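Some notes on the structure that comes next.
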Amino acid sequence: MIKVLNVCGARPNFMKIAPLMQAYQASGEFEALLAHTGQHYDSNMSDLFFRQLGIPEPDLNLGVGSGSHAVQTAQIMTRFEPVLEDHQPDWVVVVGDVNSTIACALVAVKMGIRVAHVEAGLRSFDRSMPEEINRLLTDSIADLLLVSEPSGLENLRREGVPDEKIHYVGNVMIDTLLANRDQAERSTVLARQGIESGNYNVVTLHRPRNVDDPTVFGRIAEALEVIQDDLPTVFPMHPRTRHSLARLGLAERFEGMKRLQIIEPLGYLDFLKLMANASVVLTDSGGIQEETTILGVWCLTLRENTERPITLTAGTSTLVGSDPRRIIEAYRQCRTTPPGGRSVPEKWDGLAAHRIARLLSTYIPAPREPVPLVGVPMLSLTQ
Ligand code: UD1
C-alpha cells in the first residue's frame, strides 16, 4: 500500500481534496490519511463542506485557526512536523495556494518526504498576493507538479522545472463540480432568497486588496449600488469581508443597497446552484472563475490579473479590476449578450483525481541530488 497524507486547511481546499480521497479509495492501492490544519474553522467555512462532499473525517486536526501570515504558517509547520514523524507517509499531497499548502510542503520536503502539488504552475505574476508567494515557493520545492491548465505547463517550463516532474492532469475542482451538479440542482436556495433563475447576480469578495482598503472597497461598493439596482444580487459574505465592512465604516452604505442580499457563506451545493443559475457572477475568487467557465455563466473578475488565464481565453471570465465605470460597463455588456463561444479546457472532464492517483502509484521520483552548477557563470572575485 502507498501511504499518502493529504493536507487541507481552507475552504477552497475542500472541493479539491474530496475527489482525491474518493480516487484513492477506488484504486485500492492507497492508505490515505487526511490532515486538516484548521486554517478555516467556522462550521459554514469547513464542516458543511465535509458533510456535503462526503469527505471522510480528518485523521488529524491541527486546529491552528487565524493569525498573521507568519503566525499561521509557523503554527501549521510546528504542528505538522510531529504528524509526519508519527506517520512517515510515502507522499504528502498539498493542493492550491493557501498558507497550509506551503507550510506543510516545506515541513515534508525538509524531512525527506515526497511532496505532490495539485494545481501547480499557476501564476498571477503579482507578488503582492500572498497566494502567489505560496504558489512559487511550493512549486519550487515539490517533487511532483500536477498541473490543471495549459498556462501552468508554460510557467513551470519557463522557470526551469525538469519535464519529468510536470504532469498535466486536469482540474480536480471540476471533478467535484461535475460530480455534484445534479444534486446541487435540488437545492432550495433560490426560493429561500426569493429569486428566480437567470434574474439575479452573485457577488463574492475576500481578497485583502479589495476588502482591506477603504478606497478600493468603496469603489466596488459604487459599482454594486448600480448593479443591485438592475437585478437582486446575492452576496454570501466571507468572514474577512464582514470584519472589514464594520472596521472600514462601510456597513451603513451596504445596508442602503436594498436589493443586495448579504448572507452568511453558503455550503457547496447551495452555492453551486446559485452560480449555475445566475445572470452574472462578480468575484475575486480563483476557483469561481473556473467553475463559471464550466457552467457557462458570465464572470466578472474583480482583479487586475488572474493566475487562471484559460478562464479568459476559453471561458466566460473578464478581468474588470475595481474601477466602478469599468465594472458597470462590463456588467451591462454581459446583460445584453449570452455567454456563447466558450470551450471546455482539456482534461476538465471529471477524471483529474483518478489521473493523480494513478501517477502517485506509479511515479518513481528521481533521487534528490544537489543541482550541479553546470552553465552557471562563475563570479569573478574582482566584480
Ligand atoms: C484564505 C486563503 C485564500 C483563499 C481563501 C478562501 C491564504 C493566504 N489565503 O484567505 O487563498 O482564497 O482563504 O476563503 O491562505 N475567518 C473566520 N472564520 C473562518 C476562517 C477565517 O472568521 O472559518 C476570518 C479569520 O479570522 C481572518 C479572516 O477570516 O480574520 C481571514 O482568514 P484567513 O484564513 O487568514 O485568510 P482568507 O482571507 O480566508
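Ordering of the C-alpha cells sets the chain letters (A, B, ...), residue numbers begin anew at 1 in every chain, and ligands are numbered from 1 in the order given.
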Shell around stretch 187-196 of chain A at 10 Å using only C-alpha atoms, local window under 2 positions removed, as a PyMOL selection string
chain A and resi 182-185+198-201+231-234+261+263+266+269-274+277-278
Per residue of stretch 145-258 of chain A within 12 Å of stretch 90-105 of chain A, what are the shortest atom pair and its distance in Å to one decimal, counting only C-alpha atoms, with rows by chain and residue number, as a tab-separated table?
residue	atom	partner	partner_atom	distance
A:Leu145	CA	A:Val93	CA	10.3
A:Leu146	CA	A:Val95	CA	9.4
A:Val147	CA	A:Gly96	CA	10.6
A:Ser148	CA	A:Gly96	CA	10.5
A:Asn171	CA	A:Gly96	CA	11.0
A:Val172	CA	A:Val95	CA	9.6
A:Met173	CA	A:Gly96	CA	10.2
Give me a file of those residues, with N, CA and C atoms, as a compact mmCIF listing (two decimals), in the first residue's frame.
# COMPACT_ATOMS: atom_id res chain seq x y z
N LEU A 145 4.62 17.92 -9.83
CA LEU A 145 3.83 19.13 -10.07
C LEU A 145 2.65 18.77 -10.97
N LEU A 146 1.47 18.82 -10.41
CA LEU A 146 0.27 18.35 -11.09
C LEU A 146 -0.51 19.56 -11.57
N VAL A 147 -0.58 19.70 -12.88
CA VAL A 147 -0.99 20.96 -13.50
C VAL A 147 -2.44 20.87 -13.98
N SER A 148 -3.17 21.99 -13.80
CA SER A 148 -4.61 21.99 -14.12
C SER A 148 -4.96 22.72 -15.41
N ASN A 171 -8.34 19.29 -13.85
CA ASN A 171 -8.75 20.16 -12.75
C ASN A 171 -9.64 19.40 -11.73
N VAL A 172 -9.08 19.16 -10.54
CA VAL A 172 -9.86 18.40 -9.54
C VAL A 172 -11.10 19.14 -9.06
N MET A 173 -11.04 20.48 -9.11
CA MET A 173 -12.20 21.27 -8.67
C MET A 173 -13.39 21.00 -9.62
Using only C-alpha atoms and all ligand atoms, which residues have at least one atom no more than 6 Å from ligand 1? Output them as a CSV table (one decimal) with C-alpha atoms, in the first residue's frame.
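Saved file pocket12.csv follows:
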chain,number,residue,atom,x,y,z
A,10,ALA,CA,-9.1,26.5,3.9
A,11,ARG,CA,-12.4,26.5,2.1
A,12,PRO,CA,-11.1,26.3,-1.4
A,39,GLN,CA,-7.0,27.5,8.9
A,40,HIS,CA,-10.7,27.8,8.3
A,41,TYR,CA,-12.8,26.7,11.2
A,42,ASP,CA,-16.3,28.2,11.1
A,45,MET,CA,-16.5,27.5,6.0
A,66,SER,CA,-6.5,32.6,12.5
A,97,ASP,CA,-2.1,28.1,-2.8
A,98,VAL,CA,-3.1,28.8,0.8
A,99,ASN,CA,-0.8,29.1,3.8
A,130,PRO,CA,0.1,36.1,-0.6
A,131,GLU,CA,-1.2,33.2,-2.7
A,206,HIS,CA,-12.4,38.4,0.1
A,239,PRO,CA,-15.8,36.4,7.4
A,240,ARG,CA,-12.8,38.5,6.4
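The space separating atom CA of A:Ala223 from atom CA of A:Arg242 comes to 18.3 Å.
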Can you tell me, as a VMD selection string, which residues in stretch 185-371 of chain A count as strand (DSSP E or B) by DSSP?
chain A and resid 201 to 204 233 to 236 260 to 263 280 to 283 298 to 301 317 to 319
Include N, CA and C atoms and write out the residues we just selected as a CSV table (one decimal), in the first residue's frame.
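The new file again14.csv reads:
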chain,number,residue,atom,x,y,z
A,201,ASN,N,-27.9,38.3,-9.7
A,201,ASN,CA,-26.4,38.3,-9.7
A,201,ASN,C,-25.9,37.7,-8.4
A,202,VAL,N,-24.7,37.2,-8.5
A,202,VAL,CA,-24.0,36.7,-7.3
A,202,VAL,C,-22.7,37.5,-7.1
A,203,VAL,N,-22.3,37.9,-5.9
A,203,VAL,CA,-21.0,38.5,-5.6
A,203,VAL,C,-20.3,37.7,-4.5
A,204,THR,N,-19.0,37.5,-4.7
A,204,THR,CA,-18.1,37.1,-3.6
A,204,THR,C,-16.9,38.0,-3.6
A,233,THR,N,-29.1,41.0,-6.0
A,233,THR,CA,-27.8,40.5,-6.0
A,233,THR,C,-27.5,39.8,-4.7
A,234,VAL,N,-27.1,38.6,-4.8
A,234,VAL,CA,-26.8,37.8,-3.5
A,234,VAL,C,-25.3,37.8,-3.2
A,235,PHE,N,-25.0,38.1,-2.0
A,235,PHE,CA,-23.6,38.3,-1.6
A,235,PHE,C,-23.3,37.4,-0.3
A,236,PRO,N,-22.9,36.2,-0.6
A,236,PRO,CA,-22.6,35.3,0.6
A,236,PRO,C,-21.2,35.8,1.1
A,260,LEU,N,-29.5,44.2,-2.4
A,260,LEU,CA,-28.3,43.4,-2.2
A,260,LEU,C,-28.5,42.6,-1.0
A,261,GLN,N,-28.5,41.3,-1.2
A,261,GLN,CA,-28.8,40.3,-0.1
A,261,GLN,C,-27.5,39.8,0.5
A,262,ILE,N,-27.1,40.4,1.6
A,262,ILE,CA,-25.9,39.9,2.3
A,262,ILE,C,-26.2,38.8,3.2
A,263,ILE,N,-25.6,37.6,2.9
A,263,ILE,CA,-25.9,36.4,3.7
A,263,ILE,C,-24.6,35.7,4.2
A,280,VAL,N,-25.1,37.1,-13.8
A,280,VAL,CA,-23.7,37.5,-13.8
A,280,VAL,C,-23.2,37.2,-12.4
A,281,VAL,N,-21.9,36.6,-12.4
A,281,VAL,CA,-21.2,36.4,-11.1
A,281,VAL,C,-20.1,37.4,-11.1
A,282,LEU,N,-20.0,38.1,-10.0
A,282,LEU,CA,-18.8,39.1,-9.8
A,282,LEU,C,-18.0,38.5,-8.6
A,283,THR,N,-16.7,38.4,-8.8
A,283,THR,CA,-15.9,37.7,-7.8
A,283,THR,C,-14.4,38.1,-7.9
A,298,TRP,N,-21.6,34.1,-17.1
A,298,TRP,CA,-20.7,35.2,-17.1
A,298,TRP,C,-20.0,35.5,-15.8
A,299,CYS,N,-18.7,35.7,-15.8
A,299,CYS,CA,-18.0,36.0,-14.6
A,299,CYS,C,-17.2,37.3,-14.7
A,300,LEU,N,-17.4,38.3,-13.9
A,300,LEU,CA,-16.6,39.5,-13.9
A,300,LEU,C,-15.6,39.3,-12.7
A,301,THR,N,-14.3,39.3,-13.1
A,301,THR,CA,-13.3,39.0,-12.1
A,301,THR,C,-12.8,40.4,-11.6
A,317,SER,N,-14.9,34.5,-18.3
A,317,SER,CA,-14.5,35.5,-17.3
A,317,SER,C,-13.8,36.7,-18.0
A,318,THR,N,-14.0,37.8,-17.4
A,318,THR,CA,-13.4,39.1,-17.9
A,318,THR,C,-12.8,39.8,-16.7
A,319,LEU,N,-11.5,40.3,-16.8
A,319,LEU,CA,-10.9,41.0,-15.7
A,319,LEU,C,-11.5,42.4,-15.7
Please run DSSP on the backbone and report, as a ChimeraX atom specification, all residues within stretch 114-241 of chain A that come out as alpha helix (DSSP H).
/A:130-141,150-158,172-185,189-193,208-211,214-230,239-241
If you count only C-alpha atoms, the residue of A:Thr362, A:Gly296, A:Ala314, A:Val4 closest to A:Pro338 turns out to be A:Gly296
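Residues within 9 Å of stretch 107-112 of chain A, counting only C-alpha atoms and excluding same-chain residues fewer than 5 positions away, are Met77, Thr78, Phe80, Glu81, Leu84, Glu85, Trp91, Val92, Ile102, Ile141, Ala142, Asp143 and Arg368 of chain A.
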